[in-house]
>>> print(open('run03.cif').read())   # mmCIF, C-alpha atoms
data_run
#
loop_
_atom_site.label_atom_id
_atom_site.label_comp_id
_atom_site.auth_asym_id
_atom_site.auth_seq_id
_atom_site.Cartn_x
_atom_site.Cartn_y
_atom_site.Cartn_z
CA VAL A 1 -106.04 -29.64 -70.53
CA GLY A 2 -103.37 -27.07 -70.04
CA GLY A 3 -101.32 -25.15 -72.60
CA ILE A 4 -99.81 -21.86 -73.49
CA GLU A 5 -102.03 -19.05 -72.92
CA ARG A 6 -102.26 -16.63 -75.74
CA GLY A 7 -104.16 -13.69 -74.89
CA ASP A 8 -106.81 -15.22 -72.75
CA GLU A 9 -105.16 -18.71 -73.04
CA ARG A 10 -102.83 -20.06 -70.28
CA VAL A 11 -100.20 -22.78 -70.07
CA THR A 12 -100.83 -25.52 -67.57
CA SER A 13 -98.01 -27.99 -68.49
CA ARG A 14 -94.83 -27.51 -70.59
CA ASP A 15 -94.18 -31.12 -71.65
CA ASP A 16 -97.58 -32.52 -71.79
CA ASP A 17 -99.11 -29.59 -73.53
CA PHE A 18 -96.53 -29.37 -76.37
CA ASP A 19 -98.37 -28.96 -79.60
CA PRO A 20 -96.35 -29.85 -82.73
CA GLU A 21 -98.72 -27.89 -84.78
CA LEU A 22 -97.34 -24.77 -83.29
CA LEU A 23 -94.10 -25.27 -85.25
CA ASP A 24 -95.99 -24.84 -88.42
CA GLU A 25 -97.44 -21.60 -87.30
CA PRO A 26 -95.71 -18.55 -88.72
CA ILE A 27 -93.29 -16.77 -86.36
CA GLU A 28 -94.19 -13.32 -85.51
CA PRO A 29 -91.58 -10.62 -86.16
CA ALA A 30 -91.25 -9.81 -82.51
CA GLU A 31 -90.53 -13.42 -81.69
CA GLN A 32 -88.01 -13.69 -84.50
CA LEU A 33 -86.20 -10.62 -83.30
CA GLU A 34 -86.03 -12.00 -79.79
CA ALA A 35 -84.71 -15.33 -81.05
CA ASP A 36 -82.00 -13.64 -83.08
CA ARG A 37 -80.86 -11.66 -80.11
CA LEU A 38 -80.61 -14.75 -77.98
CA ALA A 39 -78.67 -16.69 -80.59
CA ARG A 40 -76.25 -13.86 -81.10
CA ALA A 41 -75.63 -13.54 -77.42
CA LEU A 42 -74.93 -17.25 -77.09
CA ASP A 43 -72.53 -17.23 -80.05
CA GLU A 44 -70.59 -14.29 -78.68
CA ARG A 45 -70.13 -15.96 -75.32
CA ALA A 46 -68.78 -19.12 -76.94
CA GLU A 47 -66.34 -17.28 -79.15
CA ARG A 48 -65.05 -14.92 -76.47
CA GLU A 49 -61.75 -16.05 -74.79
CA PRO A 50 -61.65 -16.31 -71.02
CA PRO A 51 -60.09 -13.34 -69.24
CA ARG A 52 -56.29 -13.52 -68.66
CA ASP A 53 -56.43 -12.96 -64.94
CA ALA A 54 -58.90 -15.83 -64.61
CA LEU A 55 -56.50 -18.10 -66.45
CA GLU A 56 -53.58 -17.07 -64.26
CA ALA A 57 -55.60 -17.57 -61.11
CA GLY A 58 -56.62 -20.99 -62.31
CA PHE A 59 -53.03 -21.83 -63.12
CA LEU A 60 -51.88 -20.83 -59.66
CA LEU A 61 -54.63 -22.84 -58.03
CA ARG A 62 -53.65 -25.85 -60.05
CA VAL A 63 -49.96 -25.41 -59.19
CA LEU A 64 -50.71 -25.08 -55.52
CA HIS A 65 -52.85 -28.14 -55.68
CA ASP A 66 -50.01 -30.09 -57.35
CA GLY A 67 -47.46 -29.17 -54.69
CA GLY A 68 -45.75 -26.06 -56.08
CA LEU A 69 -43.41 -25.20 -58.92
CA ALA A 70 -40.25 -27.05 -59.79
CA PRO A 71 -37.10 -25.28 -58.55
CA GLU A 72 -35.93 -24.59 -62.09
CA ARG A 73 -39.24 -23.04 -62.93
CA GLU A 74 -39.21 -20.98 -59.77
CA LYS A 75 -35.75 -19.66 -60.60
CA ALA A 76 -36.72 -18.86 -64.15
CA ILE A 77 -39.78 -16.95 -63.00
CA LEU A 78 -37.77 -15.08 -60.39
CA ASP A 79 -35.10 -14.14 -62.90
CA GLU A 80 -37.68 -12.91 -65.30
CA LEU A 81 -39.34 -10.86 -62.61
CA LEU A 82 -36.05 -9.34 -61.56
CA ARG A 83 -35.24 -8.55 -65.15
CA VAL A 84 -38.47 -6.82 -65.99
CA THR A 85 -38.98 -5.15 -62.62
CA PRO A 86 -37.64 -1.60 -62.69
CA ARG A 87 -34.92 -1.09 -60.10
CA PRO A 88 -35.22 1.74 -57.63
CA ARG A 89 -32.87 4.55 -58.49
CA THR A 90 -30.15 5.26 -55.99
CA PRO A 91 -30.07 8.83 -54.89
CA SER A 92 -27.31 10.56 -56.77
CA ARG A 93 -24.77 12.64 -54.85
CA ARG A 94 -25.39 16.22 -55.32
CA GLY A 95 -22.57 18.50 -56.15
CA PHE A 96 -18.86 17.85 -56.53
CA PRO A 97 -17.14 15.72 -53.83
CA TRP A 98 -15.07 18.56 -52.41
CA THR A 99 -14.37 16.74 -49.18
CA PHE A 100 -12.57 13.90 -50.89
CA LEU A 101 -10.77 16.24 -53.23
CA PHE A 102 -9.34 18.37 -50.42
CA ALA A 103 -8.52 15.38 -48.28
CA GLY A 104 -6.62 13.84 -51.17
CA LEU A 105 -4.81 17.09 -51.84
CA GLY A 106 -3.84 17.40 -48.19
CA VAL A 107 -2.48 13.90 -47.96
CA SER A 108 -0.64 14.31 -51.24
CA ALA A 109 0.94 17.57 -50.13
CA LEU A 110 2.08 16.02 -46.86
CA ALA A 111 3.55 13.04 -48.68
CA VAL A 112 5.40 15.31 -51.10
CA VAL A 113 6.86 17.35 -48.24
CA LEU A 114 8.06 14.25 -46.42
CA VAL A 115 9.46 12.61 -49.54
CA LEU A 116 11.29 15.76 -50.62
CA ASP A 117 12.71 16.27 -47.15
CA ARG A 118 13.94 12.71 -47.03
CA THR A 119 15.33 12.86 -50.55
CA LEU A 120 17.18 16.12 -50.02
CA THR A 121 18.72 15.01 -46.75
CA SER A 122 19.42 11.37 -47.54
CA GLY A 123 22.88 12.17 -48.85
CA SER A 124 24.18 13.67 -45.61
CA ALA A 125 22.06 11.82 -43.05
CA PRO A 126 23.44 8.55 -41.79
CA PRO A 127 20.94 6.07 -40.38
CA VAL A 128 20.09 6.90 -36.80
CA ALA A 129 21.77 4.39 -34.54
CA LEU A 130 19.76 3.22 -31.56
CA SER A 131 22.86 1.77 -29.93
CA LEU A 132 25.84 3.40 -28.30
CA PRO A 133 28.85 4.15 -30.46
CA GLN A 134 31.96 2.08 -29.90
CA PRO A 135 34.36 3.76 -27.42
CA SER A 136 37.86 4.24 -28.68
CA VAL A 137 40.83 2.39 -27.24
CA GLU A 138 42.35 5.75 -26.27
CA LEU A 139 39.31 6.62 -24.19
CA LEU A 140 39.39 3.28 -22.39
CA GLU A 141 43.12 3.56 -21.71
CA ALA A 142 42.64 7.03 -20.26
CA GLN A 143 39.72 5.78 -18.24
CA ALA A 144 41.75 2.90 -16.78
CA ALA A 145 44.43 5.35 -15.71
CA GLY A 146 41.95 7.63 -13.94
CA LEU A 147 39.60 5.14 -12.32
CA THR A 148 41.40 5.09 -8.99
CA GLY A 149 42.49 8.71 -8.93
CA GLN A 150 42.20 12.05 -10.62
CA LYS A 151 41.33 11.98 -14.31
CA ASP A 152 43.70 13.68 -16.68
CA SER A 153 43.07 15.94 -19.65
CA LYS A 154 43.50 13.08 -22.09
CA TYR A 155 40.52 11.32 -20.60
CA THR A 156 38.52 14.58 -20.52
CA ALA A 157 39.13 15.21 -24.21
CA ALA A 158 38.43 11.63 -25.28
CA MET A 159 35.30 11.53 -23.17
CA ALA A 160 34.10 14.82 -24.65
CA ASP A 161 34.46 13.35 -28.13
CA TYR A 162 32.58 10.23 -27.16
CA ARG A 163 29.85 12.27 -25.49
CA ARG A 164 29.51 14.36 -28.62
CA ASP A 165 29.05 11.21 -30.67
CA VAL A 166 26.33 9.91 -28.39
CA LEU A 167 24.42 13.17 -28.22
CA GLY A 168 24.86 13.68 -31.95
CA SER A 169 23.16 10.37 -32.61
CA PHE A 170 19.92 11.92 -31.39
CA ARG A 171 20.08 14.35 -34.24
CA ARG A 172 19.13 13.38 -37.73
CA ARG A 173 21.99 15.21 -39.37
CA GLU A 174 25.50 15.08 -38.08
CA GLY A 175 26.44 18.33 -39.78
CA ASP A 176 24.01 20.40 -37.68
CA GLU A 177 26.20 20.47 -34.65
CA VAL B 178 -14.14 25.31 -48.43
CA ASN B 179 -13.11 28.23 -46.25
CA VAL B 180 -12.49 25.91 -43.33
CA ARG B 181 -10.44 23.36 -45.22
CA TRP B 182 -7.67 25.65 -46.44
CA PRO B 183 -6.56 26.63 -42.93
CA THR B 184 -6.60 22.96 -42.03
CA LEU B 185 -4.32 22.14 -44.91
CA CYS B 186 -1.98 24.96 -43.99
CA TRP B 187 -1.91 23.72 -40.42
CA LEU B 188 -1.03 20.21 -41.57
CA ALA B 189 1.78 21.56 -43.73
CA CYS B 190 3.15 23.57 -40.81
CA VAL B 191 3.04 20.51 -38.59
CA ALA B 192 4.93 18.51 -41.19
CA LEU B 193 7.56 21.19 -41.60
CA GLY B 194 7.80 21.58 -37.85
CA ALA B 195 8.34 17.87 -37.45
CA CYS B 196 11.12 17.97 -40.01
CA GLN B 197 12.73 20.91 -38.25
CA GLU B 198 12.50 19.17 -34.89
CA ARG B 199 14.19 16.11 -36.28
CA ASP B 200 17.03 18.22 -37.60
CA GLU B 201 17.71 19.91 -34.27
CA GLY B 202 17.08 16.85 -32.15
CA PRO B 203 15.27 16.71 -28.85
CA ALA B 204 15.35 19.86 -26.72
CA TRP B 205 17.02 18.11 -23.80
CA VAL B 206 20.11 17.37 -25.90
CA GLY B 207 20.98 21.04 -26.00
CA ALA B 208 20.53 21.35 -22.24
CA VAL B 209 22.87 18.41 -21.64
CA GLU B 210 25.51 19.83 -23.95
CA SER B 211 25.32 23.25 -22.31
CA ALA B 212 25.63 21.74 -18.85
CA HIS B 213 28.70 19.73 -19.82
CA SER B 214 30.26 22.77 -21.44
CA ALA B 215 29.67 24.81 -18.31
CA ALA B 216 31.25 22.06 -16.20
CA ASP B 217 34.27 21.98 -18.50
CA ARG B 218 34.77 25.75 -18.19
CA ALA B 219 34.14 25.98 -14.43
CA ARG B 220 37.18 26.97 -12.40
CA SER B 221 36.04 28.84 -9.33
CA PRO B 222 33.88 27.25 -6.60
CA ASP B 223 30.94 29.41 -7.63
CA GLU B 224 31.30 28.38 -11.27
CA ARG B 225 31.48 24.76 -10.25
CA GLN B 226 28.42 25.11 -8.11
CA THR B 227 26.53 26.74 -10.96
CA ALA B 228 27.71 24.09 -13.38
CA ARG B 229 26.62 21.35 -10.99
CA ARG B 230 23.12 22.81 -10.79
CA ALA B 231 23.00 22.91 -14.57
CA LEU B 232 24.02 19.25 -14.68
CA GLU B 233 21.32 18.33 -12.19
CA ASP B 234 18.72 20.26 -14.18
CA ALA B 235 19.80 18.54 -17.37
CA TYR B 236 19.53 15.17 -15.61
CA THR B 237 15.86 15.80 -14.92
CA GLU B 238 15.21 16.76 -18.52
CA VAL B 239 16.52 13.56 -20.09
CA PRO B 240 13.52 11.30 -20.64
CA GLN B 241 13.47 7.86 -19.13
CA SER B 242 13.15 5.25 -21.84
CA SER B 243 14.49 1.91 -22.94
CA ASP B 244 16.89 3.62 -25.34
CA PRO B 245 20.40 2.67 -24.13
CA ARG B 246 21.72 6.02 -25.36
CA GLN B 247 19.41 7.96 -23.07
CA SER B 248 20.35 5.72 -20.16
CA TRP B 249 23.99 6.37 -20.94
CA VAL B 250 23.44 10.15 -21.04
CA ARG B 251 21.83 10.06 -17.61
CA GLN B 252 24.61 7.84 -16.24
CA ASP B 253 27.19 10.21 -17.68
CA LEU B 254 25.49 13.12 -15.90
CA CYS B 255 25.49 11.14 -12.66
CA VAL B 256 29.25 10.65 -13.02
CA ARG B 257 29.89 14.37 -13.50
CA ILE B 258 27.55 15.44 -10.69
CA GLY B 259 29.06 12.86 -8.33
CA GLU B 260 32.61 13.87 -9.19
CA SER B 261 31.69 17.50 -8.57
CA ALA B 262 30.30 16.53 -5.18
CA LEU B 263 33.38 14.48 -4.37
CA ASP B 264 35.65 17.37 -5.35
CA ALA B 265 33.61 19.56 -2.99
CA GLY B 266 34.18 17.08 -0.15
CA GLN B 267 30.66 15.68 -0.23
CA ALA B 268 31.49 11.97 -0.32
CA LEU B 269 28.07 10.78 0.77
CA GLU B 270 26.39 12.73 -1.98
CA ALA B 271 28.94 11.45 -4.47
CA LEU B 272 28.17 7.88 -3.36
CA SER B 273 24.46 8.58 -3.75
CA TRP B 274 24.90 9.80 -7.32
CA ALA B 275 27.11 6.81 -8.16
CA GLU B 276 24.53 4.34 -6.91
CA LYS B 277 21.76 6.23 -8.67
CA GLY B 278 23.62 5.97 -11.96
CA LEU B 279 24.41 2.31 -11.51
CA ALA B 280 20.74 1.60 -10.84
CA LEU B 281 19.73 3.15 -14.15
CA SER B 282 21.11 0.30 -16.23
CA SER B 283 23.15 -2.83 -15.78
CA ILE B 284 24.47 -2.72 -19.33
CA LEU B 285 28.24 -2.53 -19.51
CA ASN B 286 29.40 0.75 -21.02
CA VAL B 287 31.93 3.50 -20.44
CA SER B 288 29.79 5.32 -17.90
CA ARG B 289 29.18 2.20 -15.85
CA ALA B 290 32.91 1.77 -15.41
CA ASP B 291 33.17 5.45 -14.45
CA LEU B 292 30.33 5.09 -11.94
CA LEU B 293 32.06 2.12 -10.31
CA GLY B 294 35.25 4.15 -10.07
CA LEU B 295 33.34 7.09 -8.56
CA LYS B 296 31.65 4.79 -6.05
CA GLY B 297 35.01 3.27 -5.07
CA ARG B 298 36.58 6.67 -4.52
CA ALA B 299 33.56 7.88 -2.53
CA LEU B 300 33.71 4.76 -0.35
CA GLU B 301 37.43 5.34 0.12
CA ALA B 302 36.73 8.94 1.19
CA LEU B 303 34.18 7.64 3.65
CA GLY B 304 36.74 5.26 5.16
CA ARG B 305 35.11 2.10 3.91
CA LYS B 306 38.37 0.70 2.59
CA GLU B 307 37.38 -2.89 1.85
CA GLU B 308 34.25 -1.89 -0.04
CA ALA B 309 36.26 0.73 -1.88
CA ALA B 310 38.90 -1.80 -2.95
CA SER B 311 36.27 -4.26 -4.11
CA THR B 312 34.38 -1.62 -6.04
CA LEU B 313 37.50 -0.20 -7.67
CA HIS B 314 38.50 -3.69 -8.71
CA GLU B 315 35.08 -4.12 -10.22
CA ALA B 316 35.61 -0.88 -12.13
CA LEU B 317 38.91 -2.07 -13.53
CA VAL B 318 37.34 -5.38 -14.59
CA ALA B 319 34.60 -3.49 -16.40
CA ASN B 320 37.16 -1.32 -18.15
CA GLN B 321 39.12 -4.40 -19.22
CA ALA B 322 35.95 -5.99 -20.61
CA LEU B 323 35.25 -2.84 -22.58
CA MET B 324 38.80 -2.81 -23.87
CA GLU B 325 38.53 -6.40 -25.07
CA ARG B 326 35.32 -5.63 -26.88
CA ALA B 327 36.83 -2.52 -28.46
CA LEU B 328 39.85 -4.46 -29.66
CA ASN B 329 37.67 -7.25 -31.01
CA GLY B 330 35.29 -4.79 -32.64
CA ASN B 331 32.20 -5.90 -30.70
CA ALA B 332 29.42 -3.56 -29.71
CA VAL B 333 29.25 -2.53 -26.07
CA ASP B 334 25.54 -2.14 -25.66
CA GLU B 335 24.00 -5.39 -26.78
CA GLY B 336 22.24 -5.82 -23.48
CA GLN B 337 25.09 -7.72 -21.87
CA PRO B 338 25.89 -6.52 -18.38
#
>>> encode(input="run03.cif", output="structure tokens")
Amino acid sequence: VGGIERGDERVTSRDDDFDPELLDEPIEPAEQLEADRLARALDERAEREPPRDALEAGFLLRVLHDGGLAPEREKAILDELLRVTPRPRTPSRRGFPWTFLFAGLGVSALAVVLVLDRTLTSGSAPPVALSLPQPSVELLEAQAAGLTGQKDSKYTAAMADYRRDVLGSFRRREGDE
Amino acid sequence: VNVRWPTLCWLACVALGACQERDEGPAWVGAVESAHSAADRARSPDERQTARRALEDAYTEVPQSSDPRQSWVRQDLCVRIGESALDAGQALEALSWAEKGLALSSILNVSRADLLGLKGRALEALGRKEEAASTLHEALVANQALMERALNGNAVDEGQP
């Protein structure tokens, strides 16, 4: 009725043909070696930890399924990533910044020239008046006398002085005249 | 580097040139002074004619601006040119210069009073007696206003006509 074939024997049914007497039969060395290999392989698989990437993938799948990370957790992860991620290096300027150096020197030299000029001339230079100087009473008296007729020398002299004052106001220094 | 040094030298020269220009004043000031000096020295008709041309040239060199001093300088030149024309018997031309000067500014100053006097005398020479009398009276009123301001110590060019 069925059974394990050994040599010329054949197995017809695995459950029905189980023979307890076979357990008492001595195990052949080849069979023992095969059994040891199988047991060792099973033990190693049980003891071995799951791969890290598989755990991370599983974690992400679970998080996505739960609706995402909490904001605090997201921020913490982002901060950590930013901290450990190497920053790209900015390209360093090559050579000495001559352009800025010369520009600064030029501006400084110009400022020194202007400041020195102003300092040296401030003692003799009155502020430039943008209004007309006050005419003297003598000029106006001479003008009144000559309005209806020929102007006299008194008016000419007074007017020359007044004209000199007005034209001199266009100069920075009065002593240059 | 070879290009920057000439640039710096050029900037320094510009700065020094600006300082020098400020010391000597605008170029037209010298032309105005020379023209007035020539008019003061002129005695003969030829000298007066030459001096008048110098005054007219100086008038064109004075820039037109809102500076009351420059307006006064141009009005002053108008007075001298008009008086030269009137002395030469050219009353119409004298009247023209007087009106040109009065149109430059309505601010009351010494030259405005002179221009009114010149206009009155030119009108008188042209036989327009009533206009001449009115204009000369206006000149005297302007002179009196200037005198009051001078005695009171007020400025004459605060934009008040």
>>> axis_aligned_box(input="run03.cif", around="region 263-281 of chain B", padding_each_side="3 Å", output="AutoDock Vina command-line options")
--center_x 27.7 --center_y 10.6 --center_z -6.7 --size_x 21.9 --size_y 24.0 --size_z 20.9
>>> interface_residues(input="run03.cif", of="chain A", to="chain B", cutoff="7 Å", atoms="all atoms listed in the file", output="list in words")
Gly106, Leu110, Leu130, Ser131, Leu132, Gln134, Pro135, Ser136, Val137, Leu140, Ala144, Leu147, Thr148, Val166, Leu167, Phe170, Arg171, Arg172 and Arg173 of chain A
>>> resolve_selection(input="run03.cif", expression="the PyMOL selection byres ((chain B and resi 233) around 12)", output="PyMOL selection string")
chain B and resi 208-209+211-213+216+226-232+234-239+251-259+261-262+274
>>> atom_distance(input="run03.cif", atom1="CA of Leu281 (chain B)", atom2="CA of Ser242 (chain B)")
10.3 Å
>>> atom_distance(input="run03.cif", atom1="CA of Arg163 (chain A)", atom2="CA of Glu308 (chain B)")
29.5 Å
>>> closest_residue(input="run03.cif", among="B:Glu224, B:Lys296, B:Arg289, B:Trp187", to="Ala275 (chain B)", atoms="all atoms listed in the file")
B:Lys296
>>> atom_distance(input="run03.cif", atom1="CA of Thr156 (chain A)", atom2="CA of Glu307 (chain B)")
28.4 Å
>>> closest_residue(input="run03.cif", among="A:Leu114, A:Ala145, A:Leu33, A:Leu139", to="Tyr162 (chain A)", atoms="only C-alpha atoms")
A:Leu139
